[in-house]
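J.: Pasting start-v2.cif below, which is mmCIF, N, CA and C atoms.
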```
data_coords
loop_
_atom_site.label_atom_id
_atom_site.label_comp_id
_atom_site.auth_asym_id
_atom_site.auth_seq_id
_atom_site.Cartn_x
_atom_site.Cartn_y
_atom_site.Cartn_z
N MET A 1 86.74 89.62 88.88
CA MET A 1 88.12 90.08 88.81
C MET A 1 88.17 91.58 89.08
N LYS A 2 89.24 91.98 89.68
CA LYS A 2 89.46 93.40 89.97
C LYS A 2 90.63 93.91 89.14
N ASN A 3 90.35 94.87 88.25
CA ASN A 3 91.39 95.60 87.54
C ASN A 3 92.25 94.72 86.62
N ILE A 4 91.66 93.68 86.03
CA ILE A 4 92.39 92.81 85.10
C ILE A 4 91.56 92.64 83.84
N GLU A 5 92.15 92.93 82.70
CA GLU A 5 91.54 92.63 81.41
C GLU A 5 92.37 91.52 80.78
N MET A 6 91.71 90.43 80.37
CA MET A 6 92.41 89.31 79.76
C MET A 6 91.92 89.12 78.33
N SER A 7 92.87 88.79 77.45
CA SER A 7 92.51 88.42 76.09
C SER A 7 93.54 87.42 75.58
N VAL A 8 93.14 86.66 74.57
CA VAL A 8 94.04 85.70 73.94
C VAL A 8 94.33 86.21 72.54
N GLU A 9 95.61 86.36 72.23
CA GLU A 9 96.04 86.79 70.90
C GLU A 9 96.92 85.68 70.34
N GLY A 10 96.39 84.93 69.39
CA GLY A 10 97.10 83.77 68.87
C GLY A 10 97.23 82.74 69.99
N GLU A 11 98.43 82.42 70.35
CA GLU A 11 98.69 81.47 71.43
C GLU A 11 99.20 82.17 72.70
N SER A 12 99.02 83.49 72.79
CA SER A 12 99.51 84.25 73.94
C SER A 12 98.35 84.82 74.75
N LEU A 13 98.50 84.75 76.07
CA LEU A 13 97.56 85.38 76.99
C LEU A 13 98.05 86.80 77.25
N VAL A 14 97.19 87.79 77.04
CA VAL A 14 97.55 89.19 77.23
C VAL A 14 96.74 89.71 78.41
N LEU A 15 97.46 90.28 79.40
CA LEU A 15 96.82 90.86 80.58
C LEU A 15 97.04 92.36 80.58
N LYS A 16 96.00 93.11 80.94
CA LYS A 16 96.12 94.56 81.06
C LYS A 16 95.68 94.93 82.46
N ILE A 17 96.60 95.57 83.21
CA ILE A 17 96.37 95.96 84.61
C ILE A 17 96.78 97.41 84.77
N ASP A 18 95.88 98.22 85.32
CA ASP A 18 96.17 99.63 85.58
C ASP A 18 96.90 99.71 86.92
N LEU A 19 98.20 99.97 86.89
CA LEU A 19 99.02 99.99 88.10
C LEU A 19 98.78 101.22 88.98
N SER A 20 98.01 102.19 88.49
CA SER A 20 97.71 103.36 89.29
C SER A 20 96.55 103.13 90.26
N LYS A 21 95.80 102.04 90.08
CA LYS A 21 94.65 101.77 90.93
C LYS A 21 95.05 101.01 92.19
N SER A 22 94.20 101.07 93.20
CA SER A 22 94.39 100.25 94.40
C SER A 22 93.02 99.95 94.99
N PHE A 23 92.94 98.83 95.68
CA PHE A 23 91.69 98.36 96.26
C PHE A 23 91.80 98.16 97.77
N GLY A 24 92.69 98.95 98.38
CA GLY A 24 92.83 98.90 99.82
C GLY A 24 93.79 97.82 100.27
N PRO A 25 93.90 97.68 101.58
CA PRO A 25 94.87 96.73 102.14
C PRO A 25 94.44 95.28 101.96
N SER A 26 95.43 94.41 101.92
CA SER A 26 95.17 92.97 101.91
C SER A 26 94.59 92.56 103.26
N SER A 27 94.17 91.31 103.37
CA SER A 27 93.59 90.84 104.63
C SER A 27 94.59 90.90 105.78
N SER A 28 95.89 90.73 105.48
CA SER A 28 96.91 90.81 106.52
C SER A 28 97.27 92.26 106.85
N GLY A 29 96.96 93.18 105.91
CA GLY A 29 97.29 94.58 106.10
C GLY A 29 98.72 94.93 105.74
N LYS A 30 99.49 93.96 105.23
CA LYS A 30 100.89 94.20 104.92
C LYS A 30 101.11 94.79 103.53
N THR A 31 100.13 94.66 102.63
CA THR A 31 100.27 95.15 101.27
C THR A 31 98.97 95.82 100.82
N ILE A 32 99.07 96.56 99.72
CA ILE A 32 97.92 97.20 99.08
C ILE A 32 97.60 96.41 97.81
N ILE A 33 96.36 96.01 97.64
CA ILE A 33 95.95 95.23 96.47
C ILE A 33 95.80 96.16 95.27
N VAL A 34 96.45 95.80 94.16
CA VAL A 34 96.38 96.55 92.91
C VAL A 34 95.43 95.86 91.93
N ALA A 35 95.49 94.53 91.88
CA ALA A 35 94.63 93.75 90.98
C ALA A 35 94.55 92.33 91.51
N SER A 36 93.43 91.67 91.23
CA SER A 36 93.28 90.28 91.67
C SER A 36 92.28 89.56 90.78
N SER A 37 92.60 88.31 90.47
CA SER A 37 91.63 87.47 89.76
C SER A 37 90.59 86.92 90.75
N GLU A 38 90.84 87.12 92.03
CA GLU A 38 89.95 86.64 93.11
C GLU A 38 89.72 85.13 93.01
N GLY A 39 90.82 84.41 92.91
CA GLY A 39 90.77 82.95 92.77
C GLY A 39 91.19 82.55 91.37
N ASN A 40 91.06 81.28 91.07
CA ASN A 40 91.43 80.78 89.76
C ASN A 40 90.27 80.97 88.79
N VAL A 41 90.56 81.53 87.62
CA VAL A 41 89.54 81.76 86.60
C VAL A 41 90.02 81.16 85.28
N THR A 42 89.08 80.80 84.43
CA THR A 42 89.38 80.20 83.14
C THR A 42 89.77 81.28 82.15
N VAL A 43 90.82 81.01 81.37
CA VAL A 43 91.25 81.91 80.31
C VAL A 43 90.16 81.92 79.24
N PRO A 44 89.76 83.11 78.75
CA PRO A 44 88.67 83.20 77.78
C PRO A 44 88.88 82.30 76.55
N GLY A 45 87.92 81.45 76.28
CA GLY A 45 87.96 80.59 75.10
C GLY A 45 88.95 79.45 75.17
N ARG A 46 89.50 79.17 76.36
CA ARG A 46 90.53 78.13 76.51
C ARG A 46 90.19 77.26 77.71
N SER A 47 90.98 76.21 77.92
CA SER A 47 90.77 75.35 79.09
C SER A 47 91.73 75.69 80.24
N GLU A 48 92.75 76.51 79.96
CA GLU A 48 93.71 76.89 81.00
C GLU A 48 93.05 77.80 82.04
N LYS A 49 93.62 77.76 83.24
CA LYS A 49 93.16 78.63 84.32
C LYS A 49 94.31 79.50 84.79
N ILE A 50 93.96 80.65 85.39
CA ILE A 50 94.97 81.54 85.93
C ILE A 50 94.49 82.07 87.28
N GLY A 51 95.43 82.20 88.20
CA GLY A 51 95.20 82.85 89.49
C GLY A 51 96.25 83.93 89.63
N LEU A 52 95.83 85.18 89.87
CA LEU A 52 96.76 86.28 89.83
C LEU A 52 96.46 87.29 90.93
N ASN A 53 97.50 87.73 91.63
CA ASN A 53 97.41 88.84 92.57
C ASN A 53 98.54 89.80 92.29
N VAL A 54 98.23 91.09 92.21
CA VAL A 54 99.25 92.13 92.05
C VAL A 54 99.10 93.05 93.25
N TYR A 55 100.22 93.31 93.94
CA TYR A 55 100.17 94.12 95.16
C TYR A 55 101.45 94.92 95.32
N ARG A 56 101.40 95.91 96.22
CA ARG A 56 102.60 96.71 96.51
C ARG A 56 102.65 96.99 98.01
N LYS A 57 103.82 97.35 98.47
CA LYS A 57 103.99 97.75 99.86
C LYS A 57 103.34 99.11 100.07
N PRO A 58 102.75 99.34 101.24
CA PRO A 58 102.13 100.64 101.51
C PRO A 58 103.17 101.75 101.64
#
```
Kindly present the structure from the file in structure tokens form.

T.:
Amino acid sequence: MKNIEMSVEGESLVLKIDLSKSFGPSSSGKTIIVASSEGNVTVPGRSEKIGLNVYRKP
């Protein structure tokens, strides 16, 4: 994962993403990647999965 911290608090999934970071352009070049789970990943200690991409316009 890039720039994503995940934790479970009670029954809630908490995500922490630093919006000031960037990882360069997406494969299409239309957006700048801020954070990515890089596919579907399992929520810590749970059976649920999450897939997440955060991006912005250049």

J.: For the file shown, report as a ChimeraX atom specification the outcome of the PyMOL selection byres ((chain A and resi 2) around 6.5) at residue level.

T.: /A:1,3-4,34-38

J.: Expand the PyMOL selection byres ((chain A and resi 21) around 8) into the individual residues it matches in the shown file, reporting them as a PDB file with N, CA and C atoms, in the coordinates of the input.

T.:
```pdb
ATOM      1  N   ASN A   3      90.350  94.870  88.250  1.00  0.00           N
ATOM      2  CA  ASN A   3      91.390  95.600  87.540  1.00  0.00           C
ATOM      3  C   ASN A   3      92.250  94.720  86.620  1.00  0.00           C
ATOM      4  N   ILE A  17      96.600  95.570  83.210  1.00  0.00           N
ATOM      5  CA  ILE A  17      96.370  95.960  84.610  1.00  0.00           C
ATOM      6  C   ILE A  17      96.780  97.410  84.770  1.00  0.00           C
ATOM      7  N   ASP A  18      95.880  98.220  85.320  1.00  0.00           N
ATOM      8  CA  ASP A  18      96.170  99.630  85.580  1.00  0.00           C
ATOM      9  C   ASP A  18      96.900  99.710  86.920  1.00  0.00           C
ATOM     10  N   LEU A  19      98.200  99.970  86.890  1.00  0.00           N
ATOM     11  CA  LEU A  19      99.020  99.990  88.100  1.00  0.00           C
ATOM     12  C   LEU A  19      98.780 101.220  88.980  1.00  0.00           C
ATOM     13  N   SER A  20      98.010 102.190  88.490  1.00  0.00           N
ATOM     14  CA  SER A  20      97.710 103.360  89.290  1.00  0.00           C
ATOM     15  C   SER A  20      96.550 103.130  90.260  1.00  0.00           C
ATOM     16  N   SER A  22      94.200 101.070  93.200  1.00  0.00           N
ATOM     17  CA  SER A  22      94.390 100.250  94.400  1.00  0.00           C
ATOM     18  C   SER A  22      93.020  99.950  94.990  1.00  0.00           C
ATOM     19  N   PHE A  23      92.940  98.830  95.680  1.00  0.00           N
ATOM     20  CA  PHE A  23      91.690  98.360  96.260  1.00  0.00           C
ATOM     21  C   PHE A  23      91.800  98.160  97.770  1.00  0.00           C
ATOM     22  N   GLY A  24      92.690  98.950  98.380  1.00  0.00           N
ATOM     23  CA  GLY A  24      92.830  98.900  99.820  1.00  0.00           C
ATOM     24  C   GLY A  24      93.790  97.820 100.270  1.00  0.00           C
ATOM     25  N   ILE A  32      99.070  96.560  99.720  1.00  0.00           N
ATOM     26  CA  ILE A  32      97.920  97.200  99.080  1.00  0.00           C
ATOM     27  C   ILE A  32      97.600  96.410  97.810  1.00  0.00           C
ATOM     28  N   ILE A  33      96.360  96.010  97.640  1.00  0.00           N
ATOM     29  CA  ILE A  33      95.950  95.230  96.470  1.00  0.00           C
ATOM     30  C   ILE A  33      95.800  96.160  95.270  1.00  0.00           C
ATOM     31  N   VAL A  34      96.450  95.800  94.160  1.00  0.00           N
ATOM     32  CA  VAL A  34      96.380  96.550  92.910  1.00  0.00           C
ATOM     33  C   VAL A  34      95.430  95.860  91.930  1.00  0.00           C
ATOM     34  N   ALA A  35      95.490  94.530  91.880  1.00  0.00           N
ATOM     35  CA  ALA A  35      94.630  93.750  90.980  1.00  0.00           C
ATOM     36  C   ALA A  35      94.550  92.330  91.510  1.00  0.00           C
TER      37      ALA A  35
END
```

J.: Using DSSP secondary structure from the backbone, list all strand (DSSP E) positions within chain A, as a list in words.

T.: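 The residues of chain A classed as strand (DSSP E) are Glu5, Met6, Ser7, Val8, Glu9, Ser12, Leu13, Val14, Leu15, Lys16, Ile32, Ile33, Val34, Ala35, Ser36, Val41, Thr42, Lys49, Ile50, Asn53, Val54, Tyr55 and Arg56 of chain A.
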
J.: Please put the answer as JSON: centre and edge lengths, in Å with one decimal, of a box along x, y and z that encloses all listed atoms of segment 8-14 of chain A plus 4 Å on each side.

T.:
```
{"center_x": 96.3, "center_y": 85.6, "center_z": 73.6, "size_x": 14.4, "size_y": 16.2, "size_z": 17.5}
```

J.: Excluding Ser7 of chain A and residues on its chain fewer than 6 positions from it, collect all residues at most 8 Å away from it, counting only C-alpha atoms, and give them as a list in words.

T.: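 So the residues in contact are Leu13, Val14, Leu15, Val43 and Pro44 of chain A.
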
J.: Put those residues in a file: N, CA and C atoms, as a short mmCIF file (atom, residue, chain, number, x, y, z; two decimals), in the coordinates of the input.

T.:
```
data_model
loop_
_atom_site.label_atom_id
_atom_site.label_comp_id
_atom_site.auth_asym_id
_atom_site.auth_seq_id
_atom_site.Cartn_x
_atom_site.Cartn_y
_atom_site.Cartn_z
N LEU A 13 98.50 84.75 76.07
CA LEU A 13 97.56 85.38 76.99
C LEU A 13 98.05 86.80 77.25
N VAL A 14 97.19 87.79 77.04
CA VAL A 14 97.55 89.19 77.23
C VAL A 14 96.74 89.71 78.41
N LEU A 15 97.46 90.28 79.40
CA LEU A 15 96.82 90.86 80.58
C LEU A 15 97.04 92.36 80.58
N VAL A 43 90.82 81.01 81.37
CA VAL A 43 91.25 81.91 80.31
C VAL A 43 90.16 81.92 79.24
N PRO A 44 89.76 83.11 78.75
CA PRO A 44 88.67 83.20 77.78
C PRO A 44 88.88 82.30 76.55
#
```

J.: Hey, can you check how far atom N of Lys30 of chain A sits from atom C of Tyr55 of chain A?

T.: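 So the answer is 10.1 Å.
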
J.: Care to translate the PyMOL selection byres ((chain A and resi 40) around 8) into actual residues of this file, as number ranges by chain?

T.: A: 37-39, 41-43, 48-52

J.: At what distance in Å, to one decimal, does atom C of Val54 of chain A lie from atom N of Glu11 of chain A?

T.: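 Taking atom N of Glu11 of chain A as the start and atom C of Val54 of chain A as the end point, the length is 25.3 Å.
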